[in-house]
>>> print(open('work_22.tsv').read())   # TSV, C-alpha atoms and all ligand atoms
chain	number	residue	atom	x	y	z
A	1	MET	CA	36.74	1.70	-16.79
A	2	VAL	CA	33.00	2.17	-17.20
A	3	LEU	CA	31.37	2.49	-13.79
A	4	PRO	CA	28.58	0.02	-12.92
A	5	ARG	CA	25.30	1.64	-13.84
A	6	VAL	CA	22.60	2.75	-11.42
A	7	ILE	CA	19.93	0.28	-10.25
A	8	ARG	CA	16.19	0.93	-10.44
A	9	ALA	CA	14.16	-1.30	-8.11
A	10	VAL	CA	10.66	-1.41	-6.66
A	11	ILE	CA	9.40	-3.28	-3.60
A	12	MET	CA	5.72	-4.25	-3.53
A	13	GLY	CA	3.41	-6.08	-1.15
A	14	ALA	CA	0.18	-5.54	0.77
A	15	PRO	CA	0.03	-2.97	3.59
A	16	GLY	CA	2.04	-4.42	6.48
A	17	SER	CA	3.76	-7.09	4.38
A	18	GLY	CA	7.15	-5.77	5.54
A	19	LYS	CA	8.13	-3.42	2.70
A	20	GLY	CA	9.57	-0.82	5.07
A	21	THR	CA	11.38	-3.44	7.16
A	22	VAL	CA	12.91	-5.22	4.15
A	23	SER	CA	13.74	-1.87	2.48
A	24	GLY	CA	15.77	-0.92	5.55
A	25	ARG	CA	17.81	-4.11	5.17
A	26	ILE	CA	18.24	-3.60	1.41
A	27	THR	CA	19.47	-0.03	1.79
A	28	LYS	CA	21.87	-1.06	4.55
A	29	THR	CA	23.25	-4.04	2.60
A	30	PHE	CA	23.28	-2.70	-0.97
A	31	GLY	CA	23.33	1.09	-0.53
A	32	LEU	CA	20.27	1.89	-2.66
A	33	LYS	CA	18.38	5.03	-1.70
A	34	HIS	CA	14.98	4.25	-0.14
A	35	ILE	CA	12.04	6.29	-1.42
A	36	SER	CA	8.81	5.48	0.44
A	37	SER	CA	5.66	7.14	-0.85
A	38	GLY	CA	3.94	6.67	2.54
A	39	ASP	CA	6.88	8.25	4.42
A	40	ILE	CA	6.84	11.23	2.02
A	41	LEU	CA	3.09	11.71	2.54
A	42	ARG	CA	3.38	11.40	6.33
A	43	ALA	CA	6.27	13.91	6.36
A	44	ASN	CA	3.97	16.33	4.48
A	45	ILE	CA	1.16	15.73	6.99
A	46	ASN	CA	3.55	16.24	9.88
A	47	ALA	CA	4.89	19.48	8.42
A	48	GLN	CA	1.30	20.58	7.68
A	49	THR	CA	2.09	21.38	4.05
A	50	GLU	CA	-0.81	22.15	1.71
A	51	LEU	CA	-0.45	18.71	0.13
A	52	GLY	CA	-0.27	17.01	3.54
A	53	LEU	CA	-3.44	18.73	4.75
A	54	LEU	CA	-5.27	17.82	1.54
A	55	MET	CA	-4.19	14.16	1.62
A	56	LYS	CA	-4.56	13.43	5.33
A	57	SER	CA	-8.23	12.43	5.26
A	58	CYS	CA	-7.63	10.20	2.23
A	59	ILE	CA	-4.84	8.33	4.03
A	60	ASP	CA	-6.64	8.14	7.38
A	61	GLN	CA	-9.60	6.53	5.62
A	62	GLY	CA	-7.37	3.94	3.96
A	63	GLN	CA	-7.98	5.31	0.47
A	64	LEU	CA	-5.36	5.90	-2.19
A	65	VAL	CA	-4.13	9.40	-2.97
A	66	PRO	CA	-5.10	10.40	-6.58
A	67	ASP	CA	-2.74	9.02	-9.25
A	68	ASP	CA	-1.75	12.36	-10.78
A	69	VAL	CA	-0.79	13.85	-7.39
A	70	MET	CA	1.21	10.78	-6.43
A	71	SER	CA	3.01	10.34	-9.74
A	72	ARG	CA	4.01	14.00	-9.88
A	73	LEU	CA	5.31	13.89	-6.30
A	74	ILE	CA	7.41	10.74	-6.72
A	75	LEU	CA	8.75	11.46	-10.20
A	76	ASN	CA	9.80	14.89	-8.97
A	77	ASP	CA	11.71	13.35	-6.03
A	78	LEU	CA	13.33	10.78	-8.34
A	79	ARG	CA	14.56	13.50	-10.69
A	80	ALA	CA	16.53	14.98	-7.78
A	81	ILE	CA	18.47	11.72	-7.28
A	82	ASP	CA	18.87	10.74	-10.91
A	83	SER	CA	22.49	9.59	-10.57
A	84	SER	CA	21.79	7.31	-7.57
A	85	SER	CA	20.51	3.75	-7.39
A	86	TRP	CA	17.10	3.65	-5.75
A	87	LEU	CA	14.44	1.39	-4.28
A	88	LEU	CA	10.84	2.59	-4.48
A	89	ASP	CA	8.51	1.44	-1.69
A	90	GLY	CA	4.74	2.00	-1.96
A	91	PHE	CA	4.85	3.40	-5.49
A	92	PRO	CA	3.51	2.44	-7.99
A	93	ARG	CA	0.24	1.25	-6.49
A	94	THR	CA	-1.99	1.41	-9.56
A	95	VAL	CA	-1.43	0.48	-13.20
A	96	SER	CA	-1.68	4.15	-14.12
A	97	GLN	CA	1.19	4.96	-11.69
A	98	ALA	CA	3.23	2.04	-13.08
A	99	GLU	CA	2.76	3.42	-16.61
A	100	ALA	CA	3.81	6.91	-15.49
A	101	LEU	CA	6.99	5.44	-13.97
A	102	ASP	CA	7.61	3.35	-17.08
A	103	ASP	CA	7.49	6.44	-19.26
A	104	VAL	CA	10.64	7.71	-17.54
A	105	TYR	CA	12.55	4.73	-16.09
A	106	THR	CA	13.28	1.11	-16.98
A	107	LEU	CA	13.13	-1.07	-13.88
A	108	ASP	CA	15.73	-3.75	-13.17
A	109	THR	CA	13.58	-5.68	-10.71
A	110	VAL	CA	10.32	-5.63	-8.74
A	111	ILE	CA	10.45	-7.48	-5.42
A	112	ASN	CA	7.04	-8.66	-4.26
A	113	LEU	CA	6.46	-9.67	-0.63
A	114	ASN	CA	3.58	-12.13	-0.48
A	115	VAL	CA	2.35	-12.38	3.13
A	116	PRO	CA	-1.09	-13.72	4.19
A	117	PHE	CA	-3.63	-11.04	5.16
A	118	GLN	CA	-4.29	-12.70	8.54
A	119	THR	CA	-0.61	-12.30	9.51
A	120	ILE	CA	-0.69	-8.66	8.42
A	121	LYS	CA	-3.71	-7.69	10.52
A	122	GLN	CA	-2.00	-8.89	13.70
A	123	ARG	CA	1.21	-7.00	12.88
A	124	LEU	CA	-0.23	-3.59	12.16
A	125	THR	CA	-2.03	-3.13	15.45
A	126	SER	CA	1.32	-3.46	17.27
A	127	ARG	CA	3.36	-1.22	14.94
A	128	TRP	CA	5.08	1.96	16.19
A	129	THR	CA	6.69	4.41	13.78
A	130	HIS	CA	9.38	7.11	14.08
A	131	LEU	CA	7.76	9.67	11.80
A	132	PRO	CA	10.83	11.77	10.80
A	133	SER	CA	12.83	8.75	9.56
A	134	GLY	CA	10.09	6.19	8.80
A	135	ARG	CA	11.83	3.61	11.08
A	136	VAL	CA	9.29	1.00	12.15
A	137	TYR	CA	9.07	-1.08	15.32
A	138	ASN	CA	6.70	-3.75	16.50
A	139	THR	CA	6.03	-4.54	20.12
A	140	ASP	CA	6.34	-8.31	19.35
A	141	PHE	CA	8.83	-8.50	16.46
A	142	ASN	CA	11.38	-5.69	16.85
A	143	PRO	CA	10.55	-3.62	19.95
A	144	PRO	CA	12.42	-0.35	20.56
A	145	LYS	CA	15.07	-0.48	23.30
A	146	VAL	CA	13.01	2.00	25.36
A	147	PRO	CA	9.25	1.50	24.88
A	148	GLY	CA	7.70	4.38	22.94
A	149	PHE	CA	11.01	5.96	21.82
A	150	ASP	CA	13.21	5.71	18.71
A	151	ASP	CA	16.49	3.77	19.19
A	152	GLU	CA	18.63	6.22	17.20
A	153	THR	CA	17.26	9.66	18.13
A	154	GLY	CA	15.42	8.99	21.40
A	155	GLU	CA	12.41	10.85	19.91
A	156	PRO	CA	8.85	9.62	20.58
A	157	LEU	CA	7.21	6.94	18.42
A	158	PHE	CA	3.64	7.15	17.12
A	159	GLN	CA	0.95	4.72	16.09
A	160	ARG	CA	-0.27	5.52	12.58
A	161	ASP	CA	-3.88	6.73	12.35
A	162	ASP	CA	-4.45	4.33	9.44
A	163	ASP	CA	-3.47	1.27	11.53
A	164	ARG	CA	-6.91	1.06	13.19
A	165	PRO	CA	-8.44	-2.38	12.43
A	166	GLU	CA	-11.30	-1.07	10.25
A	167	THR	CA	-8.91	1.10	8.22
A	168	VAL	CA	-6.49	-1.81	7.78
A	169	THR	CA	-9.37	-3.84	6.29
A	170	ARG	CA	-10.08	-0.99	3.83
A	171	ARG	CA	-6.39	-0.71	2.88
A	172	LEU	CA	-6.22	-4.45	2.19
A	173	LYS	CA	-9.35	-4.22	0.01
A	174	SER	CA	-7.86	-1.35	-1.97
A	175	TYR	CA	-4.66	-3.38	-2.35
A	176	GLU	CA	-6.65	-6.27	-3.86
A	177	THR	CA	-8.62	-4.17	-6.31
A	178	GLN	CA	-6.11	-1.45	-7.26
A	179	THR	CA	-2.61	-2.79	-6.60
A	180	GLU	CA	-2.76	-6.51	-7.43
A	181	PRO	CA	-3.21	-5.66	-11.14
A	182	VAL	CA	0.21	-3.95	-10.95
A	183	LEU	CA	1.76	-7.33	-10.06
A	184	GLU	CA	0.32	-8.76	-13.28
A	185	TYR	CA	1.63	-5.74	-15.19
A	186	TYR	CA	5.19	-6.41	-13.97
A	187	ARG	CA	4.87	-10.19	-14.33
A	188	SER	CA	4.06	-9.72	-18.01
A	189	LYS	CA	7.19	-7.56	-18.35
A	190	GLY	CA	9.31	-10.33	-16.78
A	191	VAL	CA	10.67	-8.24	-13.88
A	192	LEU	CA	8.53	-9.54	-10.99
A	193	GLU	CA	10.20	-11.65	-8.29
A	194	THR	CA	7.86	-12.94	-5.56
A	195	PHE	CA	8.93	-13.97	-2.04
A	196	SER	CA	6.27	-15.69	0.08
A	197	GLY	CA	6.15	-16.32	3.83
A	198	THR	CA	4.86	-15.17	7.19
A	199	GLU	CA	8.15	-14.01	8.76
A	200	THR	CA	10.46	-11.29	7.49
A	201	ASN	CA	13.52	-12.99	8.99
A	202	LYS	CA	12.82	-16.05	6.83
A	203	ILE	CA	12.00	-14.07	3.68
A	204	TRP	CA	14.99	-11.70	3.93
A	205	PRO	CA	17.83	-14.22	3.22
A	206	HIS	CA	16.13	-15.14	-0.07
A	207	VAL	CA	15.75	-11.48	-1.05
A	208	GLU	CA	19.38	-10.84	-0.14
A	209	VAL	CA	20.73	-13.74	-2.26
A	210	PHE	CA	18.47	-12.76	-5.17
A	211	LEU	CA	19.69	-9.14	-5.10
A	212	GLN	CA	23.34	-10.14	-4.76
A	213	ARG	CA	23.02	-12.22	-7.95
A	214	LYS	CA	20.94	-9.64	-9.76
A	215	LEU	CA	23.24	-6.70	-9.01
A	216	SER	CA	26.40	-8.60	-9.85
A	217	SER	CA	24.95	-9.80	-13.17
A	218	ILE	CA	23.94	-6.23	-14.07
A	219	ASN	CA	27.38	-4.88	-13.16
A	220	GLN	CA	29.18	-7.64	-15.09
A	221	LYS	CA	27.23	-6.72	-18.20
A	222	VAL	CA	28.26	-3.08	-17.86
A	223	VAL	CA	31.94	-3.28	-16.84
B	301	LIG	P1	2.31	3.24	3.04
B	301	LIG	O1	3.01	3.96	4.10
B	301	LIG	O2	3.05	2.85	1.80
B	301	LIG	P2	1.37	0.51	3.23
B	301	LIG	O3	-0.04	0.37	3.64
B	301	LIG	O4	1.69	0.12	1.86
B	301	LIG	O5	1.67	1.98	3.73
B	301	LIG	P3	2.85	-0.21	5.40
B	301	LIG	O6	1.65	-0.19	6.30
B	301	LIG	O7	3.85	0.90	5.53
B	301	LIG	O8	2.40	-0.34	3.95
B	301	LIG	P4	4.94	-2.18	5.15
B	301	LIG	O9	5.91	-1.08	4.92
B	301	LIG	O10	4.71	-3.15	4.07
B	301	LIG	O11	3.55	-1.63	5.64
B	301	LIG	O12	5.33	-3.01	6.43
B	301	LIG	P5	6.34	-2.68	7.66
B	301	LIG	O13	6.06	-1.34	8.23
B	301	LIG	O14	7.73	-3.02	7.27
B	301	LIG	O15	5.84	-3.82	8.67
B	301	LIG	C1	4.57	-3.73	9.28
B	301	LIG	C2	4.74	-4.04	10.79
B	301	LIG	O16	5.07	-5.43	10.92
B	301	LIG	C3	5.89	-3.28	11.49
B	301	LIG	O17	5.49	-3.00	12.83
B	301	LIG	C4	7.06	-4.27	11.46
B	301	LIG	O18	7.97	-4.04	12.55
B	301	LIG	C5	6.29	-5.59	11.64
B	301	LIG	N1	6.95	-6.77	11.06
B	301	LIG	C6	7.70	-6.88	9.95
B	301	LIG	N2	8.09	-8.16	9.75
B	301	LIG	C7	7.54	-8.89	10.77
B	301	LIG	C8	7.57	-10.26	11.13
B	301	LIG	O19	8.19	-11.11	10.48
B	301	LIG	N3	6.86	-10.63	12.23
B	301	LIG	C9	6.16	-9.71	13.00
B	301	LIG	N4	5.50	-10.15	14.08
B	301	LIG	N5	6.13	-8.41	12.70
B	301	LIG	C10	6.80	-8.00	11.60
B	301	LIG	O20	1.02	4.03	2.56
B	301	LIG	C11	0.14	4.62	3.50
B	301	LIG	C12	-0.98	5.33	2.77
B	301	LIG	O21	-0.43	6.38	1.97
B	301	LIG	C13	-1.16	6.49	0.73
B	301	LIG	C14	-2.33	5.54	0.84
B	301	LIG	O22	-3.40	6.21	1.41
B	301	LIG	C15	-1.78	4.46	1.80
B	301	LIG	O23	-2.81	3.73	2.44
B	301	LIG	N6	-0.25	6.13	-0.36
B	301	LIG	C16	-0.58	6.14	-1.67
B	301	LIG	N7	-1.73	6.46	-2.30
B	301	LIG	C17	-1.72	6.35	-3.65
B	301	LIG	N8	-0.65	5.95	-4.36
B	301	LIG	C18	0.51	5.61	-3.77
B	301	LIG	N9	1.57	5.20	-4.50
B	301	LIG	C19	0.60	5.71	-2.36
B	301	LIG	N10	1.57	5.46	-1.45
B	301	LIG	C20	1.05	5.71	-0.25
B	302	MG	MG	5.80	1.06	4.91
>>> encode(input="work_22.tsv", output="structure tokens")
Amino acid sequence: MVLPRVIRAVIMGAPGSGKGTVSGRITKTFGLKHISSGDILRANINAQTELGLLMKSCIDQGQLVPDDVMSRLILNDLRAIDSSSWLLDGFPRTVSQAEALDDVYTLDTVINLNVPFQTIKQRLTSRWTHLPSGRVYNTDFNPPKVPGFDDETGEPLFQRDDDRPETVTRRLKSYETQTEPVLEYYRSKGVLETFSGTETNKIWPHVEVFLQRKLSSINQKVV
């Protein structure tokens, strides 16, 4: 029997639209590996690597990391998990990054979370992150069991430096100018699937049903 083939998926959406939260549910339900460009950059900052030190000011100011740096970093990580199904979160964020990814991989689907900017601004100021794992909490939506500490490891949670209100505004602007064209790029390729709403718990069931159908149709074609 031919084994079902690997799945290549991307999740997109403005900063704070719930990519990390929905990715957690997708990996738990469907077993795809989650690759978050932001988590990788923050891990580098935390470990004070050369790259992390170079990129920290860029990220703290709400600006994008240069395309060539980002594409090299992510494509390198993807090469290491070539035989696994994966879900990319936060990459690509420019058309140039999307083209670099396209040169190597054919995507099965691009999930786009469409959440109003006003909703996002409220969310980000109450976000807390477990830096080693990327697990996210929110004091209103999904608070940790013990305030300030990660549920699974008991380690302390941090507020991201780029979640200050003025930086969030800059990140949203950069999303409009640099990342929205990527949605058009994928729409024209016929792989974009948009889910709109203001609450992750209402968006998630639609994403789940969509992925169930998508994955089973891909596997049926292969087996
Ligand atoms: P990141 O790390 O990729 P962003 O800005 O794309 O950062 P972010 O902020 O991580 O995205 P998200 O993952 O979309 O947001 O959202 P999330 O963390 O799941 O949810 C946000 C908050 O809302 C959480 O507290 C969550 O609990 C809560 N929440 C979720 N759903 C609900 C709900 O229904 N209701 C409520 N009330 N709350 C909810 O990138 C960071 C930086 O790295 C660089 C850039 O500088 C970028 O700014 N970078 C790149 N640069 C260039 N190219 C790339 N490809 C880059 N990737 C990263
Ligand atoms: Mg995230």
>>> residues_near_ligand(input="work_22.tsv", ligand="ligand LIG 301 (chain B)", cutoff="7 Å", atoms="only C-alpha atoms and all ligand atoms", output="number ranges by chain")
A: 13-22, 36-39, 41, 58-59, 62-67, 70, 89-93, 123-124, 126-128, 136-138, 140-142, 171, 198-201
>>> atom_distance(input="work_22.tsv", atom1="CA of Gln159 in chain A", atom2="CA of Glu50 in chain A")
22.7 Å
>>> residues_around(input="work_22.tsv", residues="Arg170 in chain A", least_positions_apart="2", cutoff="8 Å", atoms="all atoms listed in the file", output="ChimeraX atom specification")
/A:61-63,166-168,172-174
>>> write_last_selection(input="work_22.tsv", atoms="C-alpha atoms", output="short mmCIF file (atom, residue, chain, number, x, y, z; two decimals), keeping the file's coordinate frame")
data_model
loop_
_atom_site.label_atom_id
_atom_site.label_comp_id
_atom_site.auth_asym_id
_atom_site.auth_seq_id
_atom_site.Cartn_x
_atom_site.Cartn_y
_atom_site.Cartn_z
CA GLN A 61 -9.60 6.53 5.62
CA GLY A 62 -7.37 3.94 3.96
CA GLN A 63 -7.98 5.31 0.47
CA GLU A 166 -11.30 -1.07 10.25
CA THR A 167 -8.91 1.10 8.22
CA VAL A 168 -6.49 -1.81 7.78
CA LEU A 172 -6.22 -4.45 2.19
CA LYS A 173 -9.35 -4.22 0.01
CA SER A 174 -7.86 -1.35 -1.97
#
>>> residues_around(input="work_22.tsv", residues="range 210-221 of chain A", least_positions_apart="5", cutoff="10 Å", atoms="all atoms listed in the file", output="compact mmCIF listing (two decimals) with C-alpha atoms, keeping the file's coordinate frame")
# COMPACT_ATOMS: atom_id res chain seq x y z
CA VAL A 2 33.00 2.17 -17.20
CA LEU A 3 31.37 2.49 -13.79
CA PRO A 4 28.58 0.02 -12.92
CA ARG A 5 25.30 1.64 -13.84
CA VAL A 6 22.60 2.75 -11.42
CA ILE A 7 19.93 0.28 -10.25
CA ILE A 26 18.24 -3.60 1.41
CA THR A 29 23.25 -4.04 2.60
CA PHE A 30 23.28 -2.70 -0.97
CA ASP A 108 15.73 -3.75 -13.17
CA THR A 109 13.58 -5.68 -10.71
CA ILE A 111 10.45 -7.48 -5.42
CA GLU A 193 10.20 -11.65 -8.29
CA TRP A 204 14.99 -11.70 3.93
CA PRO A 205 17.83 -14.22 3.22
>>> residues_around(input="work_22.tsv", residues="Asp82 in chain A", least_positions_apart="4", cutoff="12 Å", atoms="all atoms listed in the file", output="MDAnalysis selection string")
chainID A and resid 5:8 33 75:78 86 104:105
>>> atom_distance(input="work_22.tsv", atom1="CA of Met55 in chain A", atom2="CA of Ser85 in chain A")
28.3 Å
>>> closest_residue(input="work_22.tsv", among="A:Ser188, A:Gly197, A:Leu87, A:Val95", to="Arg25 in chain A", atoms="all atoms listed in the file")
A:Leu87
>>> closest_residue(input="work_22.tsv", among="A:Leu88, A:Val207, A:Leu53, A:Leu73", to="ligand MG 302 (chain B)", atoms="only C-alpha atoms and all ligand atoms")
A:Leu88
>>> closest_residue(input="work_22.tsv", among="A:Thr106, A:Thr169, A:Thr129, A:Thr179", to="ligand MG 302 (chain B)", atoms="all atoms listed in the file")
A:Thr129
>>> atom_distance(input="work_22.tsv", atom1="CA of Arg164 in chain A", atom2="CA of Thr139 in chain A")
15.7 Å
>>> closest_residue(input="work_22.tsv", among="A:Val115, A:Leu107, A:Ala9, A:Ile40", to="ligand MG 302 (chain B)", atoms="only C-alpha atoms and all ligand atoms")
A:Ile40
>>> residues_around(input="work_22.tsv", residues="Leu131 in chain A", least_positions_apart="6", cutoff="10 Å", atoms="all atoms listed in the file", output="compact mmCIF listing (two decimals) with C-alpha atoms, in the frame of the given file")
# COMPACT_ATOMS: atom_id res chain seq x y z
CA ASP A 39 6.88 8.25 4.42
CA ILE A 40 6.84 11.23 2.02
CA ARG A 42 3.38 11.40 6.33
CA ALA A 43 6.27 13.91 6.36
CA ASN A 46 3.55 16.24 9.88
CA ASP A 150 13.21 5.71 18.71
CA GLU A 155 12.41 10.85 19.91
CA PRO A 156 8.85 9.62 20.58
CA LEU A 157 7.21 6.94 18.42
CA PHE A 158 3.64 7.15 17.12
CA GLN A 159 0.95 4.72 16.09
CA ARG A 160 -0.27 5.52 12.58
>>> closest_residue(input="work_22.tsv", among="A:Gly134, A:Phe195, A:Ser84, A:Asn114", to="ligand MG 302 (chain B)", atoms="all atoms listed in the file")
A:Gly134
>>> closest_residue(input="work_22.tsv", among="A:Leu51, A:Phe149, A:Thr177, A:Val110", to="Val191 in chain A", atoms="only C-alpha atoms")
A:Val110
>>> residues_around(input="work_22.tsv", residues="Glu152 in chain A", least_positions_apart="5", cutoff="12 Å", atoms="only C-alpha atoms", output="PDB file with C-alpha atoms, keeping the file's coordinate frame")
ATOM      1  CA  HIS A 130       9.380   7.110  14.080  1.00  0.00           C
ATOM      2  CA  PRO A 132      10.830  11.770  10.800  1.00  0.00           C
ATOM      3  CA  SER A 133      12.830   8.750   9.560  1.00  0.00           C
ATOM      4  CA  GLY A 134      10.090   6.190   8.800  1.00  0.00           C
ATOM      5  CA  ARG A 135      11.830   3.610  11.080  1.00  0.00           C
ATOM      6  CA  VAL A 136       9.290   1.000  12.150  1.00  0.00           C
ATOM      7  CA  PRO A 144      12.420  -0.350  20.560  1.00  0.00           C
ATOM      8  CA  LYS A 145      15.070  -0.480  23.300  1.00  0.00           C
ATOM      9  CA  VAL A 146      13.010   2.000  25.360  1.00  0.00           C
ATOM     10  CA  LEU A 157       7.210   6.940  18.420  1.00  0.00           C
TER      11      LEU A 157
END
